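**Q** Before we start, here is the structure in question, set down as structure tokens.
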Amino acid sequence: MAMLNLPDIPAIRRLTQSLAMLDAIMSPEWEYRYYSFNSRWYTDEMMASMRDGCGDHWFLHFTPAGAFLKGFAHESPMALNAPWPGVLDRVPPVFAGSVAEPAFMMRDTTFCFWHEAAVDEWRQGEIAFPSHPDPDGASELLGILTDGPEWYRLWGTDYYEMEIPPAAVTAVYDFQPITEQLVLSLNPDAFIDNVIESAREIGYPLANESA
């Protein structure tokens, strides 16, 4: 299976912050959000995640060593023997802390990618994939990280059952500072104070505040 065309570390960090910011605006209740981002996971560490509530997830761990991404697609062929041989076998020692993190549920892993800070590419293990269009579920679960804002808009329109203005989604993808006008254009029922609190946790810029 070919390597996914994932963005570089700064771009994927900003993208996952934008996804978390959009979900924080669209869903006041944290438990119903797919995407989250903690810019204060640990000292010098950040963590992005996706959890769909049905067993699928991914975690993206940012550390001084680089970025570590693992996920689990519960209906993929490789979920039957997770972690599949080779998926975790060649993870560099600099990501030992990520592999050992209980919150990442490493026993439930169908795909894993890493990007060392000193290396200019994402890598994965040497894996004998089963014959299937998406054997590890990575293409389906990570598609939102390889496409533009229209992907989120279409997904969000279906998930939240409301029309989402394309320009507002693009503004968040472009990391434009949060304003009350931007928030209400996405979700007229959003609680502004809660959105501001979420933006600070995510590390997303707020209007009239330094980033």
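Residue numbering restarts at 1 for every chain of the structure tokens, chains are lettered A, B, ... in their displayed order, and ligands are numbered from 1 as they appear.
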What residues in region 8-166 of chain A get the DSSP label alpha helix (DSSP H)? Please answer as a PyMOL selection string.

**A** chain A and resi 9-26+96-99+138-142+149-160+166

**Q** Write a file of the just-selected residues containing N, CA and C atoms, as a short mmCIF file (atom, residue, chain, number, x, y, z; two decimals), in the first residue's frame.

**A**
data_model
loop_
_atom_site.label_atom_id
_atom_site.label_comp_id
_atom_site.auth_asym_id
_atom_site.auth_seq_id
_atom_site.Cartn_x
_atom_site.Cartn_y
_atom_site.Cartn_z
N ILE A 9 4.98 18.43 9.21
CA ILE A 9 4.61 18.59 10.62
C ILE A 9 3.92 19.91 10.92
N PRO A 10 4.49 21.07 10.53
CA PRO A 10 3.78 22.32 10.86
C PRO A 10 2.39 22.39 10.23
N ALA A 11 2.26 21.91 8.99
CA ALA A 11 0.97 21.99 8.31
C ALA A 11 -0.06 21.06 8.93
N ILE A 12 0.34 19.85 9.30
CA ILE A 12 -0.64 18.92 9.88
C ILE A 12 -1.00 19.33 11.31
N ARG A 13 -0.08 19.97 12.01
CA ARG A 13 -0.42 20.48 13.34
C ARG A 13 -1.47 21.58 13.22
N ARG A 14 -1.28 22.50 12.31
CA ARG A 14 -2.24 23.59 12.15
C ARG A 14 -3.58 23.07 11.64
N LEU A 15 -3.52 22.10 10.74
CA LEU A 15 -4.75 21.52 10.21
C LEU A 15 -5.56 20.85 11.31
N THR A 16 -4.91 20.07 12.15
CA THR A 16 -5.65 19.38 13.22
C THR A 16 -6.15 20.37 14.27
N GLN A 17 -5.44 21.47 14.47
CA GLN A 17 -5.97 22.53 15.34
C GLN A 17 -7.24 23.13 14.73
N SER A 18 -7.23 23.34 13.41
CA SER A 18 -8.40 23.89 12.74
C SER A 18 -9.59 22.95 12.83
N LEU A 19 -9.35 21.65 12.64
CA LEU A 19 -10.44 20.68 12.75
C LEU A 19 -11.05 20.69 14.15
N ALA A 20 -10.18 20.74 15.16
CA ALA A 20 -10.67 20.77 16.55
C ALA A 20 -11.43 22.06 16.82
N MET A 21 -10.97 23.18 16.24
CA MET A 21 -11.65 24.45 16.45
C MET A 21 -13.03 24.43 15.80
N LEU A 22 -13.12 23.88 14.60
CA LEU A 22 -14.42 23.78 13.94
C LEU A 22 -15.39 22.93 14.75
N ASP A 23 -14.93 21.79 15.25
CA ASP A 23 -15.81 20.94 16.05
C ASP A 23 -16.20 21.61 17.36
N ALA A 24 -15.30 22.38 17.95
CA ALA A 24 -15.62 23.09 19.20
C ALA A 24 -16.71 24.12 18.96
N ILE A 25 -16.74 24.70 17.78
CA ILE A 25 -17.79 25.67 17.44
C ILE A 25 -19.10 24.95 17.13
N MET A 26 -18.99 23.87 16.37
CA MET A 26 -20.20 23.18 15.92
C MET A 26 -20.87 22.38 17.02
N ALA A 96 9.47 6.23 21.56
CA ALA A 96 9.15 5.21 22.57
C ALA A 96 8.08 5.71 23.54
N GLY A 97 8.12 6.98 23.89
CA GLY A 97 7.13 7.54 24.79
C GLY A 97 5.73 7.52 24.19
N SER A 98 5.64 7.74 22.89
CA SER A 98 4.35 7.68 22.21
C SER A 98 3.80 6.26 22.21
N VAL A 99 4.66 5.30 21.90
CA VAL A 99 4.23 3.90 21.84
C VAL A 99 3.78 3.41 23.22
N ALA A 138 -6.59 3.38 6.82
CA ALA A 138 -5.95 4.69 6.91
C ALA A 138 -6.50 5.67 5.88
N SER A 139 -6.76 5.20 4.68
CA SER A 139 -7.26 6.11 3.64
C SER A 139 -8.60 6.72 4.04
N GLU A 140 -9.45 5.90 4.63
CA GLU A 140 -10.76 6.41 5.05
C GLU A 140 -10.66 7.34 6.24
N LEU A 141 -9.92 6.94 7.27
CA LEU A 141 -9.88 7.74 8.49
C LEU A 141 -9.01 8.98 8.37
N LEU A 142 -8.01 8.96 7.48
CA LEU A 142 -7.09 10.09 7.36
C LEU A 142 -7.35 10.95 6.14
N PRO A 149 -10.79 22.08 2.83
CA PRO A 149 -11.91 22.40 3.71
C PRO A 149 -13.25 21.85 3.25
N GLU A 150 -13.40 21.59 1.96
CA GLU A 150 -14.67 21.06 1.48
C GLU A 150 -14.96 19.69 2.08
N TRP A 151 -13.89 18.94 2.38
CA TRP A 151 -14.08 17.62 3.01
C TRP A 151 -14.79 17.79 4.36
N TYR A 152 -14.28 18.73 5.17
CA TYR A 152 -14.91 18.94 6.48
C TYR A 152 -16.32 19.48 6.31
N ARG A 153 -16.52 20.42 5.37
CA ARG A 153 -17.84 21.00 5.21
C ARG A 153 -18.88 19.94 4.86
N LEU A 154 -18.55 19.06 3.93
CA LEU A 154 -19.49 18.01 3.55
C LEU A 154 -19.73 17.03 4.70
N TRP A 155 -18.64 16.66 5.38
CA TRP A 155 -18.80 15.76 6.52
C TRP A 155 -19.62 16.42 7.62
N GLY A 156 -19.31 17.67 7.97
CA GLY A 156 -20.00 18.37 9.04
C GLY A 156 -21.46 18.63 8.73
N THR A 157 -21.77 18.92 7.46
CA THR A 157 -23.16 19.13 7.07
C THR A 157 -23.99 17.88 7.34
N ASP A 158 -23.40 16.73 7.06
CA ASP A 158 -24.09 15.46 7.31
C ASP A 158 -24.14 15.14 8.80
N TYR A 159 -23.01 15.28 9.49
CA TYR A 159 -22.94 14.88 10.90
C TYR A 159 -23.76 15.79 11.80
N TYR A 160 -23.67 17.10 11.57
CA TYR A 160 -24.38 18.06 12.43
C TYR A 160 -25.77 18.41 11.90
N PRO A 166 -19.24 27.54 3.35
CA PRO A 166 -17.88 27.22 2.90
C PRO A 166 -16.85 28.27 3.29
#

**Q** Using only C-alpha atoms, which residues sit within 9 Å of Pro135 (chain A) once same-chain residues fewer than 4 positions away are excluded, as a PyMOL selection string?

**A** chain A and resi 1+76-79+110+129-131+139

**Q** What does the distance from CA of Pro177 (chain A) to CA of Asn208 (chain A) come to in Å, to one decimal?

**A**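 For CA of Pro177 (chain A) relative to CA of Asn208 (chain A), the distance reads 8.5 Å.
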
**Q** Nearest to Asp193 (chain A) among A:Gly55, A:Pro93, A:Ser49, A:Pro28, with distances taken over only C-alpha atoms: which residue is it?

**A**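 Closest candidate: A:Pro28.
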
**Q** What gap, in Å, lies between CA of Tyr35 (chain A) and CA of Val119 (chain A)?

**A**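 Result for CA of Tyr35 (chain A) versus CA of Val119 (chain A): 26.9 Å, one decimal.
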
**Q** Mind running region 106-187 of chain A against region 4-7 of chain A at 12 Å and telling me each contacting residue's nearest atom pair with the distance in Å (one decimal), counting only C-alpha atoms, chain and number ascending, as CSV?

**A**
residue,atom,partner,partner_atom,distance
A:Phe111,CA,A:Leu4,CA,11.2
A:Cys112,CA,A:Leu4,CA,11.2
A:Phe113,CA,A:Leu4,CA,9.4
A:Trp114,CA,A:Leu6,CA,10.4
A:His115,CA,A:Leu6,CA,10.0
A:Asp120,CA,A:Pro7,CA,10.8
A:Glu121,CA,A:Leu6,CA,8.9
A:Trp122,CA,A:Leu6,CA,7.4
A:Arg123,CA,A:Leu4,CA,9.6
A:Gln124,CA,A:Leu4,CA,10.1
A:Asp134,CA,A:Leu4,CA,11.3
A:Asp136,CA,A:Leu4,CA,11.9
A:Gly137,CA,A:Leu4,CA,11.6
A:Ala138,CA,A:Leu4,CA,8.2
A:Ser139,CA,A:Leu4,CA,7.4
A:Glu140,CA,A:Leu4,CA,10.9
A:Leu141,CA,A:Leu4,CA,11.4
A:Leu142,CA,A:Leu4,CA,8.6
A:Gly143,CA,A:Leu4,CA,9.0
A:Ile144,CA,A:Leu6,CA,10.0
A:Leu145,CA,A:Leu6,CA,6.6
A:Thr146,CA,A:Leu6,CA,5.8
A:Asp147,CA,A:Leu6,CA,9.5
A:Gly148,CA,A:Pro7,CA,11.4

**Q** Taking only C-alpha atoms into account, which of A:Ile164, A:Gly71, A:Arg51, A:Glu45 comes nearest Trp30 (chain A)?

**A**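 Closest candidate: A:Arg51.
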
**Q** Using only C-alpha atoms, which of the listed residues (A:Phe37, A:Lys70, A:Thr179, A:Tyr173) sits closest to Gly125 (chain A)?

**A**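 The shortest atom-to-atom distance to Gly125 (chain A) comes from A:Lys70.
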
**Q** Would you mind telling me which residue in A:Ala190, A:Ala48, A:Leu184, A:Ile178 lies nearest to Leu206 (chain A) when using only C-alpha atoms?

**A**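 Closest residue, counting only C-alpha atoms: A:Ile178.
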
**Q** Tell me, which residues of region 3-88 of chain A carry DSSP strand (DSSP E or B), written as a VMD selection string?

**A** chain A and resid 35 to 42 45 to 51 57 to 63 66 to 72

**Q** Residues as selected, C-alpha atoms, written as a short mmCIF file (atom, residue, chain, number, x, y, z; two decimals), in the first residue's frame, can you do that?

**A**
data_model
loop_
_atom_site.label_atom_id
_atom_site.label_comp_id
_atom_site.auth_asym_id
_atom_site.auth_seq_id
_atom_site.Cartn_x
_atom_site.Cartn_y
_atom_site.Cartn_z
CA TYR A 35 -11.82 16.10 16.51
CA SER A 36 -9.91 17.50 19.47
CA PHE A 37 -6.55 19.10 20.10
CA ASN A 38 -4.65 19.66 23.33
CA SER A 39 -1.84 22.17 22.92
CA ARG A 40 -0.72 21.50 26.52
CA TRP A 41 -0.66 17.71 26.50
CA TYR A 42 2.67 17.67 28.32
CA GLU A 45 4.09 18.15 23.61
CA MET A 46 0.73 18.46 21.83
CA MET A 47 -1.87 15.88 20.89
CA ALA A 48 -4.57 15.79 18.22
CA SER A 49 -7.18 13.07 18.02
CA MET A 50 -10.20 11.77 16.19
CA ARG A 51 -12.73 9.49 17.86
CA HIS A 57 -9.85 6.56 16.19
CA TRP A 58 -6.49 8.13 15.54
CA PHE A 59 -4.03 9.97 17.75
CA LEU A 60 -1.37 12.37 16.51
CA HIS A 61 1.35 13.10 19.05
CA PHE A 62 3.66 16.10 18.54
CA THR A 63 6.94 16.06 20.47
CA GLY A 66 8.69 14.93 15.55
CA ALA A 67 5.16 13.59 15.01
CA PHE A 68 3.73 10.13 15.68
CA LEU A 69 0.37 9.09 14.20
CA LYS A 70 -1.47 5.87 15.00
CA GLY A 71 -5.00 4.77 14.36
CA PHE A 72 -7.51 1.98 14.44
#

**Q** When you count only C-alpha atoms, which of these residues is closest to Thr170 (chain A): A:Val87, A:Leu182, A:Gly53, A:His132?

**A** A:Leu182

**Q** Ile192 (chain A): which residues within 8 Å, counting only C-alpha atoms, same-chain residues fewer than 4 positions away excluded, as an MDAnalysis selection string?

**A** chainID A and resid 180 183 196

**Q** Please dump the current selection as a compact mmCIF listing (two decimals), in the first residue's frame; keep N, CA and C atoms.

**A**
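File produced: part.txt:
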# COMPACT_ATOMS: atom_id res chain seq x y z
N GLU A 180 -16.45 36.72 17.14
CA GLU A 180 -17.84 36.34 17.38
C GLU A 180 -18.59 36.17 16.07
N VAL A 183 -17.70 32.79 14.53
CA VAL A 183 -18.33 31.70 15.29
C VAL A 183 -19.81 31.58 14.95
N ILE A 196 -14.20 30.38 23.14
CA ILE A 196 -12.94 31.06 23.48
C ILE A 196 -12.09 30.17 24.38
